[in-house]
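> Below is model_12.txt; it holds compact mmCIF, C-alpha atoms.
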# COMPACT_ATOMS: atom_id res chain seq x y z
CA MET X 281 31.49 45.93 -16.16
CA LYS X 282 32.35 46.64 -12.57
CA ARG X 283 28.99 45.35 -11.48
CA LEU X 284 29.48 42.17 -13.48
CA LEU X 285 32.85 41.69 -11.86
CA LEU X 286 31.27 42.11 -8.46
CA VAL X 287 28.62 39.51 -9.30
CA TYR X 288 31.26 37.04 -10.41
CA THR X 289 33.32 37.64 -7.31
CA LEU X 290 30.32 37.02 -5.10
CA LEU X 291 29.45 33.88 -7.02
CA PHE X 292 32.83 32.28 -6.58
CA PHE X 293 32.94 33.44 -3.00
CA SER X 294 29.80 31.49 -2.18
CA ILE X 295 31.14 28.35 -3.85
CA ALA X 296 34.26 28.61 -1.76
CA PHE X 297 32.04 28.76 1.33
CA GLY X 298 30.01 25.82 0.18
CA LEU X 299 33.08 23.66 -0.08
CA ASP X 300 34.24 24.59 3.37
CA ASP X 301 32.49 21.76 5.20
CA LEU X 302 32.86 21.67 8.94
CA VAL X 303 33.83 18.02 9.06
CA GLU X 304 37.49 17.31 9.56
CA PHE X 305 39.29 14.13 8.64
CA SER X 306 42.57 12.61 9.63
CA ASP X 307 43.24 11.72 6.02
CA PRO X 308 42.22 13.72 2.92
CA LEU X 309 41.32 10.45 1.20
CA LEU X 310 38.59 9.93 3.76
CA ARG X 311 37.06 13.27 2.85
CA GLU X 312 36.88 12.17 -0.76
CA ARG X 313 35.05 9.01 0.23
CA TYR X 314 32.84 10.99 2.62
CA ASP X 315 31.82 13.31 -0.23
CA GLN X 316 31.15 10.34 -2.46
CA LEU X 317 29.05 8.51 0.14
CA THR X 318 26.99 11.53 1.19
CA TRP X 319 26.41 12.23 -2.49
CA GLU X 320 25.19 8.73 -3.17
CA LEU X 321 23.07 8.13 -0.08
CA ARG X 322 19.57 9.43 0.24
CA CYS X 323 18.04 11.32 3.13
CA PRO X 324 15.35 9.08 4.65
CA LYS X 325 13.13 11.96 5.68
CA CYS X 326 13.26 14.31 2.72
CA GLN X 327 12.66 11.91 -0.15
CA ASN X 328 14.46 13.47 -3.08
CA GLN X 329 17.61 14.81 -1.56
CA ASN X 330 20.92 13.18 -0.90
CA LEU X 331 22.62 13.49 2.46
CA ALA X 332 25.10 16.03 1.15
CA ASP X 333 22.29 18.35 0.09
CA SER X 334 20.11 17.94 3.12
CA ASN X 335 20.19 19.86 6.38
CA SER X 336 17.50 17.89 8.13
CA PRO X 337 18.46 16.63 11.62
CA ILE X 338 18.38 13.01 10.53
CA SER X 339 20.75 13.75 7.64
CA LEU X 340 23.13 15.51 9.97
CA ASP X 341 23.06 12.45 12.24
CA LEU X 342 23.71 10.11 9.34
CA LYS X 343 26.56 12.25 8.02
CA ASP X 344 28.02 12.26 11.51
CA GLU X 345 27.69 8.47 11.61
CA ILE X 346 29.39 8.10 8.23
CA HIS X 347 32.19 10.32 9.46
CA HIS X 348 32.70 8.09 12.51
CA LEU X 349 32.56 4.89 10.49
CA LEU X 350 35.09 6.23 7.99
CA GLU X 351 37.47 7.14 10.78
CA ARG X 352 37.01 3.68 12.24
CA GLY X 353 38.28 2.27 8.96
CA LEU X 354 35.18 0.67 7.46
CA SER X 355 35.00 0.24 3.70
CA ASN X 356 32.34 1.99 1.61
CA GLN X 357 30.50 -1.28 1.20
CA GLU X 358 30.53 -1.94 4.94
CA ILE X 359 29.23 1.54 5.66
CA LYS X 360 26.43 1.13 3.17
CA SER X 361 25.32 -2.19 4.60
CA HIS X 362 25.59 -0.77 8.13
CA LEU X 363 23.13 1.94 7.11
CA THR X 364 20.82 -0.18 4.97
CA SER X 365 20.42 -2.70 7.79
CA ARG X 366 18.81 0.16 9.69
CA TYR X 367 17.24 2.34 7.04
CA SER X 368 16.61 -0.26 4.30
CA ASP X 369 17.63 -0.07 0.65
CA PHE X 370 15.55 3.08 0.38
CA ILE X 371 18.57 5.22 1.18
CA LEU X 372 20.66 3.90 -1.70
CA TYR X 373 20.44 6.14 -4.73
CA ARG X 374 22.33 3.46 -6.60
CA PRO X 375 20.51 0.24 -5.69
CA GLN X 376 22.49 -2.94 -5.32
CA VAL X 377 21.96 -5.71 -7.86
CA ASN X 378 19.91 -8.47 -6.23
CA LYS X 379 16.68 -10.40 -6.71
CA THR X 380 14.32 -7.54 -5.98
CA THR X 381 16.19 -5.05 -8.13
CA SER X 382 16.76 -7.41 -11.05
CA ILE X 383 13.84 -5.92 -13.00
CA LEU X 384 15.20 -2.46 -12.40
CA TRP X 385 18.67 -3.33 -13.65
CA GLY X 386 17.55 -5.83 -16.29
CA SER X 387 14.79 -3.86 -18.01
CA PRO X 388 17.08 -1.55 -20.05
CA ILE X 389 18.84 -4.60 -21.48
CA LEU X 390 15.54 -6.31 -22.11
CA ILE X 391 14.14 -3.26 -23.86
CA LEU X 392 17.31 -3.01 -25.94
CA PHE X 393 16.83 -6.61 -27.08
CA ILE X 394 13.15 -6.07 -27.91
CA GLY X 395 14.07 -2.92 -29.83
CA GLY X 396 16.82 -4.73 -31.72
CA TRP X 397 14.48 -7.56 -32.61
CA LEU X 398 11.85 -5.10 -33.89
CA VAL X 399 14.40 -3.26 -36.03
CA PHE X 400 15.57 -6.58 -37.45
CA ARG X 401 12.02 -7.68 -38.26
CA LEU X 402 11.03 -4.39 -39.83
CA SER X 403 14.14 -4.12 -41.96
CA ARG X 404 13.65 -7.66 -43.23
CA ARG X 405 10.08 -6.89 -44.13
CA SER X 406 10.99 -3.77 -46.03
CA ASN X 407 13.58 -5.81 -47.90
CA GLU X 408 10.92 -8.32 -48.85
CA LEU X 409 8.67 -5.54 -50.05
CA LYS X 410 11.48 -4.17 -52.17
CA GLN X 411 11.98 -7.57 -53.73
CA GLU X 412 8.27 -7.82 -54.49
CA ASN X 413 8.32 -4.37 -56.05
CA LEU X 414 11.26 -5.36 -58.16
CA LYS X 415 9.43 -8.45 -59.34
CA SER X 416 6.36 -6.43 -60.30
CA GLU X 417 8.59 -3.92 -62.10
CA MET X 418 9.91 -6.78 -64.19
CA ASP X 419 6.37 -8.04 -64.87
CA LYS X 420 5.29 -4.59 -65.97
CA GLN X 421 8.20 -4.36 -68.34
CA ARG X 422 7.38 -7.74 -69.80
CA LEU X 423 3.73 -6.80 -70.19
CA LYS X 424 4.72 -3.58 -71.91
CA ASN X 425 6.99 -5.44 -74.27
CA LEU X 426 4.26 -7.87 -75.10
CA LEU X 427 1.70 -5.11 -75.73
CA ASP X 428 4.19 -3.16 -77.80
CA SER X 429 5.02 -6.11 -79.99
CA GLY X 430 1.32 -6.72 -80.46
CA THR X 431 1.51 -10.42 -80.22
CA ILE X 432 -0.06 -12.41 -77.47
CA GLU X 433 0.98 -15.93 -77.10
CA MET H 155 1.61 -10.21 -37.12
CA ASN H 156 -0.96 -7.59 -37.97
CA LYS H 157 -3.15 -8.34 -34.97
CA PHE H 158 -0.12 -8.31 -32.74
CA ALA H 159 0.91 -4.89 -34.02
CA VAL H 160 -2.53 -3.48 -33.24
CA PHE H 161 -2.95 -4.91 -29.77
CA ALA H 162 0.58 -4.71 -28.42
CA PRO H 163 0.52 -0.93 -27.77
CA LEU H 164 -2.91 -1.23 -26.19
CA ALA H 165 -1.79 -4.05 -23.93
CA LEU H 166 1.36 -2.13 -23.05
CA PHE H 167 -0.69 0.94 -22.22
CA LEU H 168 -3.14 -0.99 -20.04
CA GLY H 169 -0.36 -2.82 -18.24
CA LEU H 170 1.54 0.35 -17.52
CA SER H 171 -1.52 2.27 -16.35
CA MET H 172 -2.38 -0.59 -14.01
CA ILE H 173 1.08 -0.51 -12.44
CA LEU H 174 0.99 3.27 -12.11
CA PHE H 175 -2.54 3.18 -10.71
CA LEU H 176 -1.51 0.73 -8.01
CA GLY H 177 1.45 2.98 -7.26
CA LEU H 178 -0.92 5.84 -6.42
CA ASP H 179 -2.02 4.02 -3.30
CA LYS H 180 1.45 3.82 -1.84
CA ASP H 181 2.72 6.43 0.54
CA PRO H 182 6.25 7.29 -0.60
CA SER H 183 7.16 8.77 2.79
CA ILE H 184 6.96 5.36 4.46
CA LEU H 185 10.17 3.42 4.19
CA PRO H 186 10.22 -0.34 3.98
CA SER H 187 11.23 -1.66 7.34
CA ALA H 188 14.65 -3.23 7.60
CA LEU H 189 14.29 -4.26 11.22
CA VAL H 190 11.20 -6.42 11.42
CA ASP H 191 12.09 -9.91 12.67
CA LYS H 192 15.51 -8.70 13.79
CA GLU H 193 16.70 -8.34 17.35
CA PHE H 194 16.07 -5.09 19.11
CA PRO H 195 19.49 -3.38 19.07
CA GLU H 196 21.70 -3.29 22.15
CA PHE H 197 21.63 -0.05 24.10
CA ASP H 198 22.78 1.41 27.36
CA LEU H 199 20.95 4.61 28.20
CA MET H 200 19.81 6.42 31.30
CA ALA H 201 16.21 6.54 32.46
CA LEU H 202 14.47 9.80 31.68
CA ASP H 203 13.36 10.37 35.27
CA ASP H 204 16.51 9.09 36.95
CA GLU H 205 19.93 9.80 35.52
CA HIS H 206 21.56 7.21 37.76
CA ARG H 207 19.50 4.36 36.45
CA GLN H 208 21.06 2.66 33.44
CA ILE H 209 18.68 0.78 31.20
CA THR H 210 19.81 -1.85 28.70
CA ARG H 211 18.20 -4.17 26.22
CA GLU H 212 17.91 -6.86 28.94
CA GLU H 213 15.00 -4.97 30.52
CA LEU H 214 12.88 -5.47 27.43
CA LEU H 215 13.14 -9.24 27.66
CA GLY H 216 10.43 -11.41 29.19
CA ASP H 217 7.44 -9.26 28.24
CA VAL H 218 5.74 -8.24 25.05
CA THR H 219 6.49 -4.54 24.80
CA LEU H 220 5.60 -1.56 22.70
CA VAL H 221 8.57 0.74 22.29
CA ASN H 222 7.32 4.18 21.39
CA VAL H 223 9.66 6.83 20.01
CA TRP H 224 8.52 10.25 21.17
CA ALA H 225 9.76 13.76 21.84
CA SER H 226 8.31 16.93 23.26
CA TRP H 227 9.16 18.78 20.04
CA CYS H 228 7.09 16.36 18.01
CA TYR H 229 3.58 17.62 17.30
CA ALA H 230 2.22 14.30 16.04
CA CYS H 231 3.30 12.72 19.33
CA SER H 232 0.90 14.94 21.24
CA VAL H 233 -1.86 13.74 18.94
CA GLU H 234 -0.93 10.17 19.67
CA HIS H 235 -0.37 10.52 23.40
CA ASN H 236 -3.96 10.03 24.48
CA MET H 237 -4.10 6.72 22.65
CA LEU H 238 -0.96 5.58 24.46
CA ASN H 239 -2.59 6.50 27.78
CA LYS H 240 -5.59 4.37 26.87
CA LEU H 241 -3.42 1.43 25.84
CA SER H 242 -1.48 1.66 29.06
CA ASP H 243 -4.78 1.61 30.99
CA ARG H 244 -5.70 -1.55 29.12
CA GLY H 245 -2.52 -3.15 30.42
CA VAL H 246 -0.22 -2.83 27.44
CA LYS H 247 3.40 -2.47 28.48
CA ILE H 248 4.79 0.60 26.76
CA VAL H 249 8.40 1.71 27.01
CA GLY H 250 9.17 5.24 25.88
CA LEU H 251 12.19 6.20 23.86
CA ASN H 252 12.61 9.90 24.37
CA TYR H 253 14.33 10.85 21.15
CA LYS H 254 16.69 13.83 20.87
CA ASP H 255 14.90 15.81 23.53
CA GLN H 256 15.70 17.95 26.54
CA VAL H 257 15.11 16.12 29.82
CA GLU H 258 13.25 19.05 31.42
CA ASP H 259 10.96 19.50 28.41
CA ALA H 260 10.24 15.79 28.32
CA MET H 261 9.43 15.61 32.04
CA LEU H 262 7.11 18.61 31.74
CA TRP H 263 5.37 16.96 28.81
CA LEU H 264 4.68 13.81 30.81
CA GLU H 265 3.42 15.89 33.73
CA ASN H 266 0.95 17.70 31.51
CA LEU H 267 -0.25 14.88 29.27
CA GLY H 268 0.12 11.87 31.57
CA ASP H 269 2.74 9.17 31.56
CA PRO H 270 1.73 5.95 29.81
CA PHE H 271 5.26 4.55 29.92
CA VAL H 272 6.60 1.93 32.33
CA TYR H 273 9.78 3.93 31.96
CA SER H 274 11.31 6.12 29.31
CA VAL H 275 14.90 5.97 28.22
CA SER H 276 16.60 9.17 27.28
CA ASP H 277 18.25 9.06 23.87
CA ILE H 278 19.56 12.59 23.79
CA ARG H 279 22.02 12.08 20.96
CA GLY H 280 19.77 9.82 18.94
CA ARG H 281 22.17 6.85 19.01
CA LEU H 282 19.54 4.21 19.64
CA GLY H 283 17.23 6.02 17.23
CA LEU H 284 19.85 5.60 14.55
CA ASP H 285 20.26 1.91 15.31
CA LEU H 286 16.50 1.54 15.02
CA GLY H 287 16.38 3.38 11.71
CA VAL H 288 14.16 6.08 13.19
CA TYR H 289 13.62 8.97 10.79
CA GLY H 290 10.67 10.74 12.34
CA ALA H 291 8.68 10.56 15.53
CA PRO H 292 6.37 9.06 16.49
CA GLU H 293 7.41 5.53 15.63
CA THR H 294 6.34 2.40 17.46
CA PHE H 295 8.00 -0.98 17.61
CA LEU H 296 6.25 -4.10 18.80
CA VAL H 297 8.85 -6.25 20.52
CA ASP H 298 8.20 -9.82 21.62
CA ALA H 299 9.34 -11.45 24.86
CA GLN H 300 12.58 -12.64 23.24
CA GLY H 301 13.49 -9.08 22.26
CA ILE H 302 12.72 -9.52 18.55
CA ILE H 303 11.06 -6.65 16.72
CA ARG H 304 7.86 -8.04 15.22
CA TYR H 305 6.20 -4.96 13.84
CA ARG H 306 7.00 -1.36 13.19
CA ARG H 307 4.69 1.54 12.70
CA VAL H 308 5.88 4.92 11.46
CA GLY H 309 3.40 7.62 12.39
CA VAL H 310 0.57 8.09 14.83
CA ILE H 311 -1.28 5.17 16.42
CA ASP H 312 -5.00 5.69 16.89
CA GLU H 313 -7.85 3.28 17.62
CA ARG H 314 -8.14 2.27 13.98
CA VAL H 315 -4.41 1.65 13.53
CA TRP H 316 -4.29 -0.33 16.75
CA ARG H 317 -7.23 -2.47 15.69
CA ASN H 318 -5.98 -3.05 12.15
CA GLU H 319 -2.26 -3.40 12.64
CA PHE H 320 -1.43 -4.22 16.25
CA ARG H 321 -4.21 -5.87 18.20
CA ASP H 322 -4.17 -9.36 16.73
CA LEU H 323 -0.42 -9.64 16.54
CA TYR H 324 -0.12 -8.34 20.09
CA ALA H 325 -2.58 -10.93 21.37
CA GLU H 326 -0.75 -13.63 19.46
CA LEU H 327 2.59 -12.61 20.96
CA LEU H 328 1.09 -12.62 24.46
CA VAL H 329 0.00 -16.21 23.97
CA GLU H 330 3.41 -17.07 22.53
CA ALA H 331 5.13 -15.58 25.58
CA GLN H 332 3.33 -17.81 28.05
Turn this file's structure into structure tokens for me.

Amino acid sequence: MKRLLLVYTLLFFSIAFGLDDLVEFSDPLLRERYDQLTWELRCPKCQNQNLADSNSPISLDLKDEIHHLLERGLSNQEIKSHLTSRYSDFILYRPQVNKTTSILWGSPILILFIGGWLVFRLSRRSNELKQENLKSEMDKQRLKNLLDSGTIE
Amino acid sequence: MNKFAVFAPLALFLGLSMILFLGLDKDPSILPSALVDKEFPEFDLMALDDEHRQITREELLGDVTLVNVWASWCYACSVEHNMLNKLSDRGVKIVGLNYKDQVEDAMLWLENLGDPFVYSVSDIRGRLGLDLGVYGAPETFLVDAQGIIRYRRVGVIDERVWRNEFRDLYAELLVEAQ
């Protein structure tokens, strides 16, 4: 039990350290936006890491740059375009909607429509089949009646 | 309807495998360039060999220039360096951008390996590097006489790269500049 407690204490301790970033802001709101931006922007060198996660020199530089730009009063959008004009759309983990990304953003909707159409088609077909079955049921019954009565017209 | 149902998955499969197969050829570590056909960014930095000499963007104008991003800590740059020496011997104007380096280390490097640069600017804090979208050395920018970036290469230049990617465009720009 004691050991478990120790483990938990250590765990929470490390989280507390993790949160204690060295960057200081004049306004706590800026920190929030800084966290959001570094979470959303991708490190150009390390492929599958965001800036917040990465310790590579280029990420440190970019975080520093974002810090400066925030303090200078630029909006999130302005900061993003400042950085993409240098590092291209590659660094956006959430790509902007434009001509080149239209397939990316549009394909889920397209697939949804195709799926919906298929479901519609299939359900209509199974309905038709049911109707046909029903018809043949009725024919069978009539045939049986005829055979039972023994008269064929 | 029946034919469609049989061939649609096959067509889908073939289409998808074609796209994925083409994707295999791409190197994911190379970023699309945002700066080609844009102006070389403004800068004001000191010369590597003379801290009193300020160098600005103006000095790039008038000649077709290769701007090579290098650093003494960069192993790939040492691989590339000999090629730069050769290009400089052939009369190509190369400007060095010494990126996030120590001045002493950089000077020692040039002493040992030769200096192919007309001059090198010292970008100790990486400010110009950031404006250029540099994310790893070596990188090379081909800048025309008007100061417009016309080509960018991330990674080492060797004979083959020069022949395939630079030579023709460089010659074209030289003609354009006259």
> Which residue is closest to chain H? Choose from X:Glu417, X:Glu412, X:Asp428, X:Asp344 and count all atoms listed in the file.
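Looking at the shortest contact to chain H, the residue is X:Asp344.
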> At a cut-off of 8 Å, list the chain H residues touching chain X, using only C-alpha atoms, as a compact mmCIF listing (two decimals) with C-alpha atoms, in the frame of the given file.

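Done, and the output landed in selection_3.txt:
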# COMPACT_ATOMS: atom_id res chain seq x y z
CA PRO H 182 6.25 7.29 -0.60
CA SER H 183 7.16 8.77 2.79
CA LEU H 185 10.17 3.42 4.19
CA PRO H 186 10.22 -0.34 3.98
CA SER H 187 11.23 -1.66 7.34
CA ALA H 188 14.65 -3.23 7.60
CA LEU H 189 14.29 -4.26 11.22
CA GLY H 280 19.77 9.82 18.94
CA LEU H 284 19.85 5.60 14.55
CA ASP H 285 20.26 1.91 15.31
CA LEU H 286 16.50 1.54 15.02
CA GLY H 287 16.38 3.38 11.71
CA VAL H 288 14.16 6.08 13.19
CA TYR H 289 13.62 8.97 10.79
CA GLY H 290 10.67 10.74 12.34
> Between H:Gly283, H:Gly301, H:Gly309, H:Gly216, which is the closest to Tyr229 (chain H) once you count only C-alpha atoms?
H:Gly309
> Just to confirm, what's the straight-line distance from CA of Lys240 (chain H) to CA of Ala225 (chain H) in Å (one decimal)?
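Between CA of Lys240 (chain H) and CA of Ala225 (chain H) the gap works out to 18.7 Å.
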> Region 347-350 of chain X: which residues within 7 Å, counting all atoms listed in the file, same-chain residues fewer than 6 positions away excluded, as a ChimeraX atom specification?
/X:310,314,359
> Do you know which residues lie at most 12 Å from (20.7, 6.6, 34.7), with coordinates as in the file and all atoms listed in the file counted, and could you write them as an mmCIF file with C-alpha atoms, in the frame of the given file?

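This went into result_34.cif:
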data_model
loop_
_atom_site.group_PDB
_atom_site.id
_atom_site.type_symbol
_atom_site.label_atom_id
_atom_site.label_comp_id
_atom_site.auth_asym_id
_atom_site.auth_seq_id
_atom_site.Cartn_x
_atom_site.Cartn_y
_atom_site.Cartn_z
ATOM 1 C CA ASP H 198 22.780 1.410 27.360
ATOM 2 C CA LEU H 199 20.950 4.610 28.200
ATOM 3 C CA MET H 200 19.810 6.420 31.300
ATOM 4 C CA ALA H 201 16.210 6.540 32.460
ATOM 5 C CA LEU H 202 14.470 9.800 31.680
ATOM 6 C CA ASP H 203 13.360 10.370 35.270
ATOM 7 C CA ASP H 204 16.510 9.090 36.950
ATOM 8 C CA GLU H 205 19.930 9.800 35.520
ATOM 9 C CA HIS H 206 21.560 7.210 37.760
ATOM 10 C CA ARG H 207 19.500 4.360 36.450
ATOM 11 C CA GLN H 208 21.060 2.660 33.440
ATOM 12 C CA ILE H 209 18.680 0.780 31.200
ATOM 13 C CA THR H 210 19.810 -1.850 28.700
ATOM 14 C CA TYR H 273 9.780 3.930 31.960
ATOM 15 C CA SER H 274 11.310 6.120 29.310
ATOM 16 C CA VAL H 275 14.900 5.970 28.220
ATOM 17 C CA SER H 276 16.600 9.170 27.280
ATOM 18 C CA ASP H 277 18.250 9.060 23.870
#
